[in-house]
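J.: Before we start, here is the structure in question, set down as structure tokens.
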Amino acid sequence: MFLFFAFLQIVALSLYITFLSFPRFQFLTSANAISGQIYSWEHDLTKHFNLSDENLKLQEENIALRAQLPKSLFKLNNATIKINDSVYRQQYEYIPGEVINSTVTKRNNYFTINIGESHGVKRLMGVFSPNGVVGVIHSTSDHYSIVKSVLTKDINIDVTIEPIGLFGLLKWDGRHPARGNITGISNDLKIPRGSKVLTRGGSGIFPKGLLVGTVEGAYAIEGEALWDIVITYSEEYRSIQRIYVIKNLMHNEQEEIEKKIPEDKNPR
Amino acid sequence: MNYMLNISLRFFLFWVMQVLIFNQLEFGFGIHMMIYPLFIMLLPFDIGDFTLMFLGFALGLTIDAFSDTFGLHASSLLMMAGFRIILFKAFSQREAYDPLKEPSLFDMGPRWFVTVYGSLLLIHHFWFFLIEIFRINELMWILQNTFMSIIFSFSVSLLILTLISRKSRAK
């Protein structure tokens, strides 16, 4: 009897541990067909509760985008005409979706979204909302995906603090869904409160300059020459609904060129 | 037949309540309401040990599939099922348990129920947060999570027990 207990216990724990690093059993996540369907029904019922807030957010985003249109810019120099040229090439495409299930109080929080492989979503794509970064795609099924949100232990998104331009890694300590931490910034520089935290765009998952949050304070870590920087997220993850998945059209190109970096033979 | 039907119905009921209601309520302060341990608690006295542990594992895993915890609920519910066997033996009265009774508040009396269900919940919740957080230097946070959640889980369990129990309906 004890053997049976030990056997099931080992199965459960090894499932848990392997899943944190790599999703092997698709059917055990909320992206599977049955749970995805049930959560969609539930979301259809509850999504209207926040409708006016959501509309307001979309409207604000529209206003900001509309301000950038050529129509709303006053022409100072009549000699320059905007033409469709080959200087710019599309690098990022966005796939819109909705969060149908989410948690914010666990140690590792995952969001289920209602778009999947058939919409072009793949593992390790970035996810953001009008207000800020949301996370990275953790696993996908045909019509649903799971997002590993910034509210997980080892999310490690590379960010910069503007206007100083310092690079650090975004972490979460598991306590409050409105606050995150940045590590890896040395304490010889002053970090002003309220500085903006943006994505660095180094890994090709997020474009450069997406808003993450604002600096709330920098605290000294005993015995280390690093700041422990606490930031306030710009997105309210407790009521998040609309998101976009980022498709980087040049991801393969970047990956190929980075493969050519010679490997460090003697790592520290 | 009736017996099997009753258990499957409860299995489904607890699963629906946990996944669609209590998993969606998030209060912060480390409060996670988990009411599905009551299912294991209420299984009849004469249930086989293997069936008991298997049901614990199965209910845990089905809840895992809906909350992206991948085996965490299964592990803690199995832990609780294992300790139910031990604690029921330790807290038995002079004679053996009456198989016609069910291990609830109304059949076994408040004292027995609070001690046994309280300790089982403690084991379940402590194991859950221990595995989830898994850091010794955050022991205080684990304990805060455990105790805050137990208060809520226990009170809600009592309410549910009043709703589904045969005895309270007969009154």
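As shown in the structure tokens, the chain order sets the letters A, B, ...; within each chain, residues go from 1, and ligands are also counted from 1 in the order they appear.
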What are the closest atom pairs, with distances in Å to one decimal, for all residues of chain A lying within 8 Å of chain B? Consider only C-alpha atoms, order rows by chain and residue number, and present the result as a tab-separated table.

T.:
```
residue	atom	partner	partner_atom	distance
A:Met1	CA	B:Phe50	CA	7.0
A:Phe4	CA	B:Phe50	CA	7.6
A:Phe5	CA	B:Met53	CA	7.0
A:Leu8	CA	B:Phe57	CA	7.2
A:Gln9	CA	B:Ser75	CA	5.6
A:Ala12	CA	B:Gly71	CA	4.6
A:Leu13	CA	B:Gly71	CA	6.2
A:Ser14	CA	B:Gly71	CA	7.9
A:Leu15	CA	B:Gly71	CA	5.6
A:Tyr16	CA	B:Gly71	CA	4.8
A:Phe19	CA	B:Phe70	CA	6.3
A:Phe27	CA	B:Ala65	CA	7.3
A:Leu28	CA	B:Ala65	CA	4.4
A:Thr29	CA	B:Ala65	CA	4.9
A:Ser30	CA	B:Phe66	CA	4.8
A:Ser35	CA	B:Phe66	CA	6.1
A:Thr103	CA	B:Gln24	CA	7.3
A:Val104	CA	B:Glu26	CA	7.5
A:Thr105	CA	B:Gly28	CA	6.1
A:Arg107	CA	B:Ile133	CA	6.4
A:Tyr110	CA	B:Asp68	CA	6.7
A:His176	CA	B:Gly28	CA	7.8
```

J.: Go ahead and save the picked residues with C-alpha atoms, as a JSON list (two decimals), in the first residue's frame.

T.:
```json
[["chain", "number", "residue", "atom", "x", "y", "z"],
["A", 1, "MET", "CA", 0.00, 0.00, 0.00],
["A", 4, "PHE", "CA", 1.31, 2.53, -4.29],
["A", 5, "PHE", "CA", 1.29, 5.81, -2.38],
["A", 8, "LEU", "CA", 1.61, 8.03, -7.29],
["A", 9, "GLN", "CA", 3.44, 10.69, -5.27],
["A", 12, "ALA", "CA", 2.68, 13.75, -9.37],
["A", 13, "LEU", "CA", 5.87, 15.47, -8.27],
["A", 14, "SER", "CA", 7.84, 14.60, -11.38],
["A", 15, "LEU", "CA", 4.95, 15.89, -13.49],
["A", 16, "TYR", "CA", 5.08, 19.14, -11.56],
["A", 19, "PHE", "CA", 6.25, 20.97, -16.34],
["A", 27, "PHE", "CA", -3.53, 17.44, -22.17],
["A", 28, "LEU", "CA", -2.66, 18.39, -18.61],
["A", 29, "THR", "CA", -2.63, 22.13, -19.22],
["A", 30, "SER", "CA", -5.57, 24.47, -19.49],
["A", 35, "SER", "CA", -10.62, 22.96, -20.50],
["A", 103, "THR", "CA", -4.45, 33.66, -11.79],
["A", 104, "VAL", "CA", -2.36, 36.29, -10.04],
["A", 105, "THR", "CA", -1.83, 35.03, -6.50],
["A", 107, "ARG", "CA", 3.87, 31.54, -7.14],
["A", 110, "TYR", "CA", -0.13, 31.29, -16.19],
["A", 176, "HIS", "CA", 2.24, 41.31, -5.01]]
```

J.: Given only C-alpha atoms, how would the per-residue table for stretch 34-136 of chain B near stretch 145-167 of chain B read, listing every residue at most 6 Å away with its closest atom pair and distance in Å to one decimal, sorted by chain and number, as JSON lines?

T.:
```
{"residue": "B:Met34", "atom": "CA", "partner": "B:Ser153", "partner_atom": "CA", "distance": 5.5}
{"residue": "B:Ile35", "atom": "CA", "partner": "B:Ser153", "partner_atom": "CA", "distance": 5.7}
{"residue": "B:His125", "atom": "CA", "partner": "B:Thr146", "partner_atom": "CA", "distance": 5.5}
{"residue": "B:Phe126", "atom": "CA", "partner": "B:Thr146", "partner_atom": "CA", "distance": 5.5}
```

J.: Using only C-alpha atoms, what does the table of stretch 110-130 of chain A residues within 10 Å of stretch 148-171 of chain A look like, with each row giving the shortest atom pair and its distance in Å to one decimal, sorted by chain and ascending number, as a Markdown table?

T.:
```
| residue | atom | partner | partner_atom | distance |
| --- | --- | --- | --- | --- |
| A:Tyr110 | CA | A:Lys148 | CA | 4.9 |
| A:Phe111 | CA | A:Ser149 | CA | 6.6 |
| A:Thr112 | CA | A:Lys148 | CA | 9.1 |
| A:Leu124 | CA | A:Lys148 | CA | 9.3 |
| A:Gly126 | CA | A:Lys148 | CA | 9.6 |
| A:Val127 | CA | A:Ser149 | CA | 8.6 |
| A:Phe128 | CA | A:Ser149 | CA | 9.8 |
```

J.: How would the residues just picked look written out with N, CA and C atoms as a PDB file, in the first residue's frame?

T.:
```pdb
ATOM      1  N   TYR A 110      -0.009  31.485 -14.751  1.00  0.00           N
ATOM      2  CA  TYR A 110      -0.130  31.288 -16.185  1.00  0.00           C
ATOM      3  C   TYR A 110      -1.486  31.820 -16.648  1.00  0.00           C
ATOM      4  N   PHE A 111      -1.540  32.422 -17.823  1.00  0.00           N
ATOM      5  CA  PHE A 111      -2.797  32.901 -18.392  1.00  0.00           C
ATOM      6  C   PHE A 111      -3.148  32.003 -19.582  1.00  0.00           C
ATOM      7  N   THR A 112      -4.418  31.633 -19.709  1.00  0.00           N
ATOM      8  CA  THR A 112      -4.875  30.902 -20.889  1.00  0.00           C
ATOM      9  C   THR A 112      -5.475  31.911 -21.854  1.00  0.00           C
ATOM     10  N   LEU A 124       7.312  30.449 -27.167  1.00  0.00           N
ATOM     11  CA  LEU A 124       8.340  31.482 -26.982  1.00  0.00           C
ATOM     12  C   LEU A 124       8.059  32.786 -27.733  1.00  0.00           C
ATOM     13  N   GLY A 126       6.332  36.538 -27.731  1.00  0.00           N
ATOM     14  CA  GLY A 126       6.035  37.488 -26.673  1.00  0.00           C
ATOM     15  C   GLY A 126       4.558  37.873 -26.668  1.00  0.00           C
ATOM     16  N   VAL A 127       4.068  38.298 -25.505  1.00  0.00           N
ATOM     17  CA  VAL A 127       2.683  38.719 -25.373  1.00  0.00           C
ATOM     18  C   VAL A 127       2.652  40.060 -24.645  1.00  0.00           C
ATOM     19  N   PHE A 128       1.869  41.016 -25.185  1.00  0.00           N
ATOM     20  CA  PHE A 128       1.744  42.282 -24.478  1.00  0.00           C
ATOM     21  C   PHE A 128       0.308  42.779 -24.565  1.00  0.00           C
TER      22      PHE A 128
END
```

J.: Quick one: residues within 8 Å of stretch 216-227 of chain A, only C-alpha atoms counted, chain neighbours fewer than 4 positions away excluded, as a short mmCIF file (atom, residue, chain, number, x, y, z; two decimals) with N, CA and C atoms, in the first residue's frame?

T.:
```cif
data_model
loop_
_atom_site.label_atom_id
_atom_site.label_comp_id
_atom_site.auth_asym_id
_atom_site.auth_seq_id
_atom_site.Cartn_x
_atom_site.Cartn_y
_atom_site.Cartn_z
N THR A 183 16.98 42.82 -11.47
CA THR A 183 18.28 42.48 -10.90
C THR A 183 19.36 42.78 -11.92
N GLY A 184 20.60 42.80 -11.45
CA GLY A 184 21.74 42.94 -12.34
C GLY A 184 22.12 44.37 -12.66
N ILE A 185 21.69 45.34 -11.82
CA ILE A 185 22.09 46.72 -12.07
C ILE A 185 22.99 47.18 -10.93
N SER A 186 24.20 47.61 -11.25
CA SER A 186 25.18 47.92 -10.21
C SER A 186 24.81 49.22 -9.51
N ASN A 187 25.18 49.31 -8.22
CA ASN A 187 24.67 50.41 -7.40
C ASN A 187 25.55 51.64 -7.42
N ASP A 188 26.39 51.81 -8.44
CA ASP A 188 27.17 53.04 -8.49
C ASP A 188 26.40 54.15 -9.19
N ILE A 191 19.29 55.66 -9.39
CA ILE A 191 18.10 55.37 -10.19
C ILE A 191 16.98 56.28 -9.69
N PRO A 192 16.58 57.29 -10.45
CA PRO A 192 15.52 58.17 -9.97
C PRO A 192 14.18 57.43 -9.89
N ARG A 193 13.41 57.74 -8.86
CA ARG A 193 12.07 57.16 -8.75
C ARG A 193 11.23 57.61 -9.92
N GLY A 194 10.39 56.75 -10.41
CA GLY A 194 9.51 57.12 -11.51
C GLY A 194 10.14 56.97 -12.88
N ILE A 231 9.80 47.71 -9.07
CA ILE A 231 9.05 48.49 -10.05
C ILE A 231 7.55 48.23 -9.88
N THR A 232 6.75 49.20 -10.33
CA THR A 232 5.30 49.01 -10.38
C THR A 232 4.94 48.70 -11.83
#
```

J.: Measuring atom to atom with only C-alpha atoms, identify which of B:Met33, B:Met41, B:Leu122, B:Leu59 is nearest to B:Trp15.

T.: B:Leu59

J.: Select, from A:Val230, A:Val215, A:Ile257, A:Val136, the residue with the minimum atom-to-atom distance to A:Ser195, counting only C-alpha atoms.

T.: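 Closest candidate: A:Val215.
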
J.: So that I can check the surroundings of A:Leu211, please list as a list in words every protein, DNA and RNA residue that reaches within 10 Å of it, counting only C-alpha atoms and ignoring chain neighbours fewer than 3 positions away.

T.: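 That gives Phe128, Ser129, Pro130, Asn131, Gly132, Val133, Val159, Lys196, Val197, Leu198, Thr199, Lys208, Thr214, Tyr233, Ser234 and Glu235 of chain A.
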
J.: Could you write out that same residue set with N, CA and C atoms as a tab-separated table (two decimals), in the first residue's frame?

T.:
```
chain	number	residue	atom	x	y	z
A	128	PHE	N	1.87	41.02	-25.18
A	128	PHE	CA	1.74	42.28	-24.48
A	128	PHE	C	0.31	42.78	-24.57
A	129	SER	N	-0.01	43.79	-23.78
A	129	SER	CA	-1.34	44.39	-23.80
A	129	SER	C	-1.15	45.87	-24.05
A	130	PRO	N	-2.22	46.63	-24.29
A	130	PRO	CA	-2.05	48.06	-24.54
A	130	PRO	C	-1.24	48.76	-23.44
A	131	ASN	N	-1.27	48.26	-22.21
A	131	ASN	CA	-0.59	48.94	-21.12
A	131	ASN	C	0.78	48.42	-20.80
A	132	GLY	N	1.16	47.28	-21.30
A	132	GLY	CA	2.49	46.80	-20.96
A	132	GLY	C	2.71	45.35	-21.32
A	133	VAL	N	3.88	44.86	-20.90
A	133	VAL	CA	4.28	43.50	-21.22
A	133	VAL	C	3.47	42.51	-20.41
A	159	VAL	N	15.23	44.07	-19.74
A	159	VAL	CA	14.61	45.40	-19.74
A	159	VAL	C	15.69	46.47	-19.62
A	196	LYS	N	11.11	55.27	-16.29
A	196	LYS	CA	10.35	54.28	-17.05
A	196	LYS	C	11.17	53.02	-17.27
A	197	VAL	N	10.52	51.88	-17.19
A	197	VAL	CA	11.18	50.61	-17.49
A	197	VAL	C	10.59	50.08	-18.79
A	198	LEU	N	11.46	49.88	-19.79
A	198	LEU	CA	11.02	49.42	-21.12
A	198	LEU	C	11.71	48.11	-21.47
A	199	THR	N	11.14	47.38	-22.45
A	199	THR	CA	11.84	46.17	-22.88
A	199	THR	C	13.07	46.56	-23.69
A	208	LYS	N	11.76	46.52	-29.18
A	208	LYS	CA	12.40	47.44	-28.25
A	208	LYS	C	11.39	48.50	-27.81
A	214	THR	N	7.14	51.42	-13.97
A	214	THR	CA	7.96	52.53	-13.51
A	214	THR	C	8.69	52.13	-12.23
A	233	TYR	N	4.24	47.59	-12.04
A	233	TYR	CA	3.85	47.25	-13.39
A	233	TYR	C	2.84	48.26	-13.92
A	234	SER	N	2.93	48.54	-15.22
A	234	SER	CA	1.99	49.49	-15.80
A	234	SER	C	0.66	48.80	-16.12
A	235	GLU	N	0.69	47.48	-16.25
A	235	GLU	CA	-0.58	46.77	-16.53
A	235	GLU	C	-1.16	46.24	-15.23
```

J.: What is the atom CA of A:Asp142 to atom CA of A:Glu117 distance in Å?

T.: 4.9 Å

J.: Hey, what's within 12 Å of A:Glu258 if we count only C-alpha atoms and toss same-chain stuff fewer than 4 positions away? As a list of chain:residue names, please?

T.: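 Residues meeting the cut-off are A:Gly202, A:Ser203, A:Gly204, A:His251, A:Asn252, A:Glu253, A:Gln254, A:Pro262, A:Glu263.
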
J.: To one decimal place, how far is atom CA of B:Met17 from atom CA of B:Thr51 in Å?

T.: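 According to the coordinates, atom CA of B:Met17 and atom CA of B:Thr51 are separated by 22.4 Å.
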
J.: When distances are computed from only C-alpha atoms, which of B:Phe39, B:Phe83, B:Phe22, B:Trp127 shows the smallest separation from B:Pro103?

T.: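 Checking each of B:Phe39, B:Phe83, B:Phe22, B:Trp127 against B:Pro103, counting only C-alpha atoms, the winner is B:Phe39.
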
J.: Write down as a ChimeraX atom specification the residues of stretch 153-256 of chain A whose backbone DSSP state falls under alpha helix (DSSP H).

T.: /A:251-256

J.: Which residue out of A:Thr46, A:Ser141, A:Gln241, A:Gln91 has the minimum interatomic distance to A:Ile115 when only C-alpha atoms are used?

T.: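 The shortest atom-to-atom distance to A:Ile115 comes from A:Ser141.
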